[in-house]
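Source file: model.pdb; contents: PDB, C-alpha atoms and all ligand atoms.
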ATOM      1  CA  MET A   1      -2.094  10.914   1.904
ATOM      2  CA  ILE A   2      -2.317   7.143   2.494
ATOM      3  CA  ASN A   3       0.645   4.843   1.793
ATOM      4  CA  ILE A   4       0.968   1.074   2.310
ATOM      5  CA  ARG A   5       4.366  -0.617   2.449
ATOM      6  CA  PRO A   6       6.310  -3.479   4.094
ATOM      7  CA  MET A   7       7.003  -2.950   7.811
ATOM      8  CA  GLN A   8      10.616  -2.108   8.721
ATOM      9  CA  LYS A   9      12.536  -2.163  11.999
ATOM     10  CA  ILE A  10      12.209   1.632  12.337
ATOM     11  CA  ASP A  11       8.410   1.222  12.447
ATOM     12  CA  LEU A  12       8.472  -0.946  15.575
ATOM     13  CA  GLU A  13       8.051   1.888  18.083
ATOM     14  CA  SER A  14       4.888   3.132  16.338
ATOM     15  CA  VAL A  15       3.554  -0.393  15.802
ATOM     16  CA  ILE A  16       4.096  -1.373  19.454
ATOM     17  CA  ASN A  17       2.462   1.862  20.570
ATOM     18  CA  ILE A  18      -0.671   1.037  18.545
ATOM     19  CA  GLU A  19      -0.653  -2.592  19.724
ATOM     20  CA  GLN A  20      -0.474  -1.526  23.388
ATOM     21  CA  GLN A  21      -3.476   0.767  22.952
ATOM     22  CA  VAL A  22      -5.752  -1.862  21.427
ATOM     23  CA  GLN A  23      -4.916  -5.293  22.921
ATOM     24  CA  TYR A  24      -5.518  -6.816  26.362
ATOM     25  CA  HIS A  25      -2.430  -8.977  25.890
ATOM     26  CA  PRO A  26      -0.196  -7.007  23.504
ATOM     27  CA  TRP A  27       2.558  -8.713  21.568
ATOM     28  CA  THR A  28       6.064  -8.083  22.901
ATOM     29  CA  LYS A  29       8.785  -6.248  21.003
ATOM     30  CA  ASN A  30      10.544  -9.591  20.437
ATOM     31  CA  GLN A  31       7.425 -11.064  18.844
ATOM     32  CA  PHE A  32       7.355  -8.165  16.366
ATOM     33  CA  ILE A  33      11.109  -8.527  15.676
ATOM     34  CA  ASP A  34      10.632 -12.262  15.010
ATOM     35  CA  SER A  35       7.669 -11.460  12.747
ATOM     36  CA  LEU A  36       9.759  -9.081  10.662
ATOM     37  CA  GLN A  37      12.130 -11.961   9.929
ATOM     38  CA  SER A  38       9.556 -14.697   9.393
ATOM     39  CA  TYR A  39       6.236 -13.269   8.256
ATOM     40  CA  GLN A  40       4.664 -10.776   5.874
ATOM     41  CA  CYS A  41       4.387  -7.513   7.836
ATOM     42  CA  THR A  42       2.645  -4.495   6.318
ATOM     43  CA  VAL A  43       2.045  -0.956   7.608
ATOM     44  CA  ILE A  44      -0.333   1.783   6.542
ATOM     45  CA  GLU A  45       0.793   5.419   6.812
ATOM     46  CA  ASN A  46      -1.222   8.615   6.935
ATOM     47  CA  TYR A  47       1.060  11.479   5.861
ATOM     48  CA  GLN A  48       4.112   9.343   6.760
ATOM     49  CA  ARG A  49       2.800   8.491  10.221
ATOM     50  CA  VAL A  50       2.343   4.765  10.784
ATOM     51  CA  VAL A  51      -1.321   4.352  11.784
ATOM     52  CA  GLY A  52      -1.844   0.611  11.378
ATOM     53  CA  PHE A  53      -0.261  -2.745  10.683
ATOM     54  CA  CYS A  54      -1.117  -6.249   9.505
ATOM     55  CA  ILE A  55       0.898  -9.459  10.033
ATOM     56  CA  MET A  56       0.292 -12.509   7.841
ATOM     57  CA  GLN A  57       1.991 -15.898   8.196
ATOM     58  CA  PRO A  58       2.229 -17.532   4.761
ATOM     59  CA  VAL A  59       2.310 -21.357   4.964
ATOM     60  CA  LEU A  60       2.722 -23.089   1.575
ATOM     61  CA  ASP A  61      -0.371 -22.055  -0.438
ATOM     62  CA  GLU A  62      -2.248 -20.744   2.609
ATOM     63  CA  ALA A  63      -1.796 -17.954   5.156
ATOM     64  CA  ASN A  64      -2.818 -17.112   8.696
ATOM     65  CA  LEU A  65      -3.775 -13.569   9.598
ATOM     66  CA  LEU A  66      -1.983 -13.293  12.943
ATOM     67  CA  LEU A  67      -2.571  -9.686  13.971
ATOM     68  CA  MET A  68      -3.792  -6.366  12.683
ATOM     69  CA  ALA A  69      -4.709  -3.041  14.219
ATOM     70  CA  ILE A  70      -5.441   0.568  13.363
ATOM     71  CA  ASP A  71      -4.510   3.425  15.711
ATOM     72  CA  PRO A  72      -7.715   4.263  17.673
ATOM     73  CA  GLU A  73      -7.420   7.891  16.489
ATOM     74  CA  PHE A  74      -7.767   6.673  12.881
ATOM     75  CA  GLN A  75     -10.328   3.877  13.231
ATOM     76  CA  GLY A  76     -13.640   3.999  11.374
ATOM     77  CA  GLN A  77     -12.185   5.758   8.323
ATOM     78  CA  GLY A  78     -11.746   2.759   6.033
ATOM     79  CA  LEU A  79      -8.041   2.296   6.760
ATOM     80  CA  GLY A  80      -8.411  -1.223   8.199
ATOM     81  CA  PHE A  81     -10.239  -2.350   5.057
ATOM     82  CA  THR A  82      -7.678  -0.715   2.748
ATOM     83  CA  LEU A  83      -4.777  -2.229   4.697
ATOM     84  CA  LEU A  84      -6.267  -5.728   4.799
ATOM     85  CA  GLU A  85      -7.023  -5.736   1.062
ATOM     86  CA  ALA A  86      -3.443  -4.625   0.342
ATOM     87  CA  ALA A  87      -1.961  -7.254   2.685
ATOM     88  CA  ILE A  88      -4.051  -9.957   0.977
ATOM     89  CA  ASN A  89      -2.841  -8.752  -2.434
ATOM     90  CA  ARG A  90       0.767  -8.864  -1.211
ATOM     91  CA  LEU A  91       0.360 -12.617  -0.534
ATOM     92  CA  GLY A  92       0.132 -13.142  -4.283
ATOM     93  CA  GLU A  93      -1.734 -15.599  -6.483
ATOM     94  CA  LYS A  94      -0.207 -18.697  -4.915
ATOM     95  CA  CYS A  95      -2.168 -18.070  -1.715
ATOM     96  CA  SER A  96      -5.541 -19.835  -2.002
ATOM     97  CA  GLN A  97      -6.994 -19.292   1.464
ATOM     98  CA  ILE A  98      -6.423 -17.273   4.609
ATOM     99  CA  PHE A  99      -7.413 -18.364   8.118
ATOM    100  CA  LEU A 100      -7.820 -16.302  11.286
ATOM    101  CA  GLU A 101      -9.117 -16.459  14.836
ATOM    102  CA  VAL A 102     -10.937 -13.567  16.461
ATOM    103  CA  ARG A 103     -12.671 -12.950  19.782
ATOM    104  CA  GLU A 104     -16.430 -13.402  19.522
ATOM    105  CA  SER A 105     -16.940  -9.995  21.173
ATOM    106  CA  ASN A 106     -14.774  -8.187  18.594
ATOM    107  CA  GLN A 107     -17.617  -7.301  16.265
ATOM    108  CA  ALA A 108     -15.701  -4.454  14.576
ATOM    109  CA  ALA A 109     -13.023  -6.928  13.433
ATOM    110  CA  ILE A 110     -15.553  -9.626  12.482
ATOM    111  CA  LYS A 111     -17.467  -7.125  10.321
ATOM    112  CA  LEU A 112     -14.221  -5.965   8.705
ATOM    113  CA  TYR A 113     -13.246  -9.570   7.932
ATOM    114  CA  GLU A 114     -16.684 -10.342   6.484
ATOM    115  CA  LYS A 115     -16.478  -7.235   4.318
ATOM    116  CA  THR A 116     -13.097  -8.477   3.036
ATOM    117  CA  GLY A 117     -14.461 -11.927   2.085
ATOM    118  CA  PHE A 118     -14.009 -14.036   5.243
ATOM    119  CA  HIS A 119     -16.733 -16.234   6.702
ATOM    120  CA  GLN A 120     -16.988 -18.289   9.888
ATOM    121  CA  ILE A 121     -16.101 -21.987   9.619
ATOM    122  CA  ASP A 122     -15.717 -22.985  13.260
ATOM    123  CA  MET A 123     -15.623 -21.831  16.862
ATOM    124  CA  ARG A 124     -13.234 -22.672  19.733
ATOM    125  CA  LYS A 125     -15.239 -22.506  22.940
ATOM    126  CA  ASN A 126     -13.809 -20.622  25.933
ATOM    127  CA  TYR A 127     -10.537 -20.016  24.097
ATOM    128  CA  TYR A 128      -9.531 -16.464  25.039
ATOM    129  CA  PRO A 129      -9.053 -15.153  28.599
ATOM    130  CA  THR A 130     -10.976 -11.965  29.382
ATOM    131  CA  ALA A 131     -10.230  -9.083  31.746
ATOM    132  CA  ASN A 132     -12.641 -10.444  34.403
ATOM    133  CA  HIS A 133     -10.960 -13.900  34.602
ATOM    134  CA  LYS A 134     -13.594 -15.488  32.398
ATOM    135  CA  LYS A 135     -13.238 -16.950  28.919
ATOM    136  CA  GLU A 136     -14.728 -16.116  25.562
ATOM    137  CA  HIS A 137     -15.109 -18.074  22.343
ATOM    138  CA  ALA A 138     -12.810 -17.738  19.348
ATOM    139  CA  ILE A 139     -14.455 -17.461  15.950
ATOM    140  CA  ILE A 140     -12.466 -19.228  13.204
ATOM    141  CA  MET A 141     -12.831 -17.632   9.776
ATOM    142  CA  VAL A 142     -11.537 -18.356   6.289
ATOM    143  CA  ASN A 143     -11.236 -16.331   3.098
ATOM    144  CA  MET A 144     -11.302 -18.668   0.081
ATOM    145  CA  LEU A 145      -9.440 -16.410  -2.312
ATOM    146  CA  ASN A 146      -9.722 -18.632  -5.382
ATOM    147  CA  ALA A 147     -13.218 -19.967  -4.638
ATOM    148  CA  ASN A 148     -14.494 -18.927  -8.080
ATOM    149  CA  ILE A 149     -12.349 -21.561  -9.845
ATOM    150  CA  PHE A 150     -14.497 -24.267  -8.207
ATOM    151  CA  GLN A 151     -17.723 -23.000  -9.776
ATOM    152  CA  PHE A 152     -19.247 -25.497 -12.216
ATOM    153  CA  SER A 153     -21.051 -24.600 -15.411
ATOM    154  CA  SER A 154     -24.127 -26.659 -16.395
TER     155      SER A 154
HETATM  156  C1  LIG B 201     -10.750  -4.039  13.657
HETATM  157  C2  LIG B 201     -10.030  -2.781  13.163
HETATM  158  C3  LIG B 201      -8.682  -3.191  12.564
HETATM  159  C4  LIG B 201     -10.898  -2.129  12.056
HETATM  160  O1  LIG B 201     -10.166  -1.055  11.484
HETATM  161  P1  LIG B 201     -10.904   0.275  10.983
HETATM  162  O2  LIG B 201      -9.933   1.077  10.210
HETATM  163  O3  LIG B 201     -11.567   0.932  12.127
HETATM  164  O4  LIG B 201     -12.014  -0.351  10.013
HETATM  165  P2  LIG B 201     -12.631   0.348   8.716
HETATM  166  O5  LIG B 201     -12.933   1.773   9.009
HETATM  167  O6  LIG B 201     -11.780   0.039   7.541
HETATM  168  O7  LIG B 201     -14.021  -0.417   8.585
HETATM  169  C5  LIG B 201     -14.166  -1.516   7.691
HETATM  170  C6  LIG B 201     -15.407  -2.297   8.093
HETATM  171  O8  LIG B 201     -15.213  -2.868   9.373
HETATM  172  C7  LIG B 201     -16.460  -2.824  10.096
HETATM  173  N1  LIG B 201     -16.290  -1.990  11.276
HETATM  174  C8  LIG B 201     -15.250  -1.174  11.576
HETATM  175  N2  LIG B 201     -15.425  -0.620  12.793
HETATM  176  C9  LIG B 201     -16.603  -1.094  13.258
HETATM  177  C10 LIG B 201     -17.325  -0.911  14.460
HETATM  178  N3  LIG B 201     -16.883  -0.109  15.439
HETATM  179  N4  LIG B 201     -18.487  -1.588  14.613
HETATM  180  C11 LIG B 201     -18.954  -2.416  13.656
HETATM  181  N5  LIG B 201     -18.315  -2.623  12.482
HETATM  182  C12 LIG B 201     -17.151  -1.971  12.297
HETATM  183  C13 LIG B 201     -17.495  -2.278   9.153
HETATM  184  O9  LIG B 201     -18.074  -3.361   8.434
HETATM  185  C14 LIG B 201     -16.657  -1.448   8.215
HETATM  186  O10 LIG B 201     -17.221  -1.303   6.954
HETATM  187  P3  LIG B 201     -18.285  -0.097   6.674
HETATM  188  O11 LIG B 201     -17.604   1.161   7.079
HETATM  189  O12 LIG B 201     -18.556  -0.205   5.222
HETATM  190  O13 LIG B 201     -19.474  -0.399   7.546
HETATM  191  C15 LIG B 201      -9.874  -1.745  14.291
HETATM  192  O14 LIG B 201     -11.119  -1.532  14.911
HETATM  193  C16 LIG B 201      -8.848  -2.132  15.345
HETATM  194  O15 LIG B 201      -7.656  -1.887  15.202
HETATM  195  N6  LIG B 201      -9.321  -2.752  16.435
HETATM  196  C17 LIG B 201      -8.435  -3.139  17.535
HETATM  197  C18 LIG B 201      -7.484  -4.279  17.171
HETATM  198  C19 LIG B 201      -8.235  -5.490  16.689
HETATM  199  O16 LIG B 201      -9.310  -5.808  17.163
HETATM  200  N7  LIG B 201      -7.657  -6.183  15.673
HETATM  201  C20 LIG B 201      -8.271  -7.355  15.092
HETATM  202  C21 LIG B 201      -8.024  -8.591  15.861
HETATM  203  S1  LIG B 201      -6.301  -8.982  15.957
END
Representation of the structure as structure tokens:
Amino acid sequence: MINIRPMQKIDLESVINIEQQVQYHPWTKNQFIDSLQSYQCTVIENYQRVVGFCIMQPVLDEANLLLMAIDPEFQGQGLGFTLLEAAINRLGEKCSQIFLEVRESNQAAIKLYEKTGFHQIDMRKNYYPTANHKKEHAIIMVNMLNANIFQFSS
């Protein structure tokens, strides 16, 4: 049974556990505590176990997707897509576009974002550090949520 709801303080242990499994440079507990106060934080549960999270930073009529992850045990089952769609819906109608940055090598995330309506608009060269002391590019993507209102009729 899948459930999606706002993240609460009691979820932090599970969220941090997932984050530490999937990121080279995981966010700290304090970063998650600050996010709970300042941003839109969403979790996805499988039978009441938190198995993923998504953090959006709304800014006026836009938002930045700061971080999301699904527990490795539950990846590849459609949960990331379901969570991201729900988090986008939670932003509401006033949000017209969402921006994000993602490592060029993170093809799973890039494919997920494309499936959800994002496309690449830019690239920051040599932006992210890698495990072998090199750098990799950041792909900048946008999801124009209200793009259809700009369509013209002839
Ligand atoms: C990126 C991530 C959130 C995807 O979550 P997920 O639950 O595994 O994704 P889903 O099962 O919902 O897949 C949705 C789409 O993403 C793409 N995708 C997911 N995993 C993929 C993989 N291993 N390779 C290629 N594409 C993949 C596919 O397009 C898929 O759609 P499809 O099944 O119709 O082909 C997950 O892999 C993850 O937590 N990764 C580590 C953290 C991370 O990279 N976060 C994003 C940057 S902050």
Exercise for the section: Using all atoms listed in the file, pick whichever of A:Leu12, A:Cys95, A:Met68, A:Ile18 has the shortest atom-to-atom distance to Asn143 in chain A. Expected result: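 Checking each of A:Leu12, A:Cys95, A:Met68, A:Ile18 against Asn143 in chain A, counting all atoms listed in the file, the winner is A:Cys95.
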Handout entry: Which residue of A:Ile10, A:Ile139, A:Leu36, A:Leu112 approaches ligand LIG 201 (chain B) most closely, using all atoms listed in the file
Key =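 Residue with the minimum atom-to-atom distance to ligand LIG 201 (chain B): A:Leu112.
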Handout entry: Residues matched by the PyMOL selection byres (((chain A and resi 35) around 12) and not hetatm), written as a PyMOL selection string
Key = chain A and resi 6-9+12+27-34+36-42+53-58+66-67
Completion exercise
note - CA of Lys115 in chain A and CA of Asn3 in chain A are separated by 21.1 Å
Per residue of chain A within 6 Å of ligand LIG 201 (chain B), what are the shortest atom pair and its distance in Å to one decimal, counting all atoms listed in the file, with rows by chain and residue number, as a Markdown table?
| residue | atom | partner | partner_atom | distance |
| --- | --- | --- | --- | --- |
| A:Val22 | CA | B:LIG201 | C17 | 4.9 |
| A:Leu67 | CA | B:LIG201 | S1 | 4.3 |
| A:Met68 | CA | B:LIG201 | S1 | 4.9 |
| A:Ala69 | CA | B:LIG201 | O15 | 3.3 |
| A:Ile70 | CA | B:LIG201 | O15 | 3.8 |
| A:Gln75 | CA | B:LIG201 | O3 | 3.4 |
| A:Gly76 | CA | B:LIG201 | O5 | 3.3 |
| A:Gln77 | CA | B:LIG201 | O5 | 4.1 |
| A:Gly78 | CA | B:LIG201 | O6 | 3.1 |
| A:Leu79 | CA | B:LIG201 | O2 | 4.1 |
| A:Gly80 | CA | B:LIG201 | O2 | 3.4 |
| A:Phe81 | CA | B:LIG201 | O6 | 3.8 |
| A:Val102 | CA | B:LIG201 | C21 | 5.8 |
| A:Gln107 | CA | B:LIG201 | C11 | 5.7 |
| A:Ala108 | CA | B:LIG201 | C12 | 3.7 |
| A:Ala109 | CA | B:LIG201 | C1 | 3.7 |
| A:Lys111 | CA | B:LIG201 | O9 | 4.3 |
| A:Leu112 | CA | B:LIG201 | O8 | 3.3 |
| A:Lys115 | CA | B:LIG201 | O9 | 5.9 |
Exercise for the section: Choose the residue, out of A:Val51, A:Leu145, A:Val59, A:Ile4, that has the smallest atom-to-atom separation from Ile88 in chain A; count only C-alpha atoms. Expected result: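 Of the candidates, the smallest distance to Ile88 in chain A is held by A:Leu145.
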Problem - the PyMOL selection byres (((chain A and resi 128) around 8) and not hetatm) applied to the shown file, residues as a ChimeraX atom specification - result: /A:103,126-127,129-130,135-138
Handout entry: Gap from CA of Asn64 in chain A to CA of Val142 in chain A - Å, one decimal
Key =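 If I compute the distance from CA of Asn64 in chain A to CA of Val142 in chain A, I get 9.1 Å.
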Problem - Nearest to Lys94 in chain A, chosen from A:Glu62, A:Asn17, A:Glu45, A:Ala131, with all atoms listed in the file counted in the distances - result: A:Glu62
Practice task
In Å, rounded to a single decimal, give me how far CA of Gln48 in chain A is from CA of Asn89 in chain A.
Solution key: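 Atom-to-atom, CA of Asn89 in chain A and CA of Gln48 in chain A are spaced 21.5 Å apart.
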Exercise for the section: Identify which of the residues A:Leu60, A:Gln20, A:Val15, A:Asn132 lies closest to Val43 in chain A, counting only C-alpha atoms when measuring atom-to-atom distances. Expected result: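 Answer, going by the shortest atom-to-atom distance: A:Val15.
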Output as AutoDock Vina command-line options the centre and edge lengths (Å, one decimal) of the box along x, y and z of the file that holds every listed atom of range 83-91 of chain A after adding 6 Å on each side.
--center_x -3.1 --center_y -7.4 --center_z 1.2 --size_x 19.8 --size_y 22.4 --size_z 19.2
For Ile140 in chain A, work out the shell of residues within 12 Å, counting all atoms listed in the file and skipping chain neighbours fewer than 5 positions away, then give it as a PDB file with C-alpha atoms, keeping the file's coordinate frame.
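Output contents, as saved in part.pdb:
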ATOM      1  CA  ASN A  64      -2.818 -17.112   8.696  1.00  0.00           C
ATOM      2  CA  LEU A  65      -3.775 -13.569   9.598  1.00  0.00           C
ATOM      3  CA  ILE A  98      -6.423 -17.273   4.609  1.00  0.00           C
ATOM      4  CA  PHE A  99      -7.413 -18.364   8.118  1.00  0.00           C
ATOM      5  CA  LEU A 100      -7.820 -16.302  11.286  1.00  0.00           C
ATOM      6  CA  GLU A 101      -9.117 -16.459  14.836  1.00  0.00           C
ATOM      7  CA  VAL A 102     -10.937 -13.567  16.461  1.00  0.00           C
ATOM      8  CA  ARG A 103     -12.671 -12.950  19.782  1.00  0.00           C
ATOM      9  CA  GLU A 104     -16.430 -13.402  19.522  1.00  0.00           C
ATOM     10  CA  ILE A 110     -15.553  -9.626  12.482  1.00  0.00           C
ATOM     11  CA  TYR A 113     -13.246  -9.570   7.932  1.00  0.00           C
ATOM     12  CA  GLU A 114     -16.684 -10.342   6.484  1.00  0.00           C
ATOM     13  CA  PHE A 118     -14.009 -14.036   5.243  1.00  0.00           C
ATOM     14  CA  HIS A 119     -16.733 -16.234   6.702  1.00  0.00           C
ATOM     15  CA  GLN A 120     -16.988 -18.289   9.888  1.00  0.00           C
ATOM     16  CA  ILE A 121     -16.101 -21.987   9.619  1.00  0.00           C
ATOM     17  CA  ASP A 122     -15.717 -22.985  13.260  1.00  0.00           C
ATOM     18  CA  MET A 123     -15.623 -21.831  16.862  1.00  0.00           C
ATOM     19  CA  ARG A 124     -13.234 -22.672  19.733  1.00  0.00           C
ATOM     20  CA  LYS A 125     -15.239 -22.506  22.940  1.00  0.00           C
ATOM     21  CA  TYR A 127     -10.537 -20.016  24.097  1.00  0.00           C
TER      22      TYR A 127
END
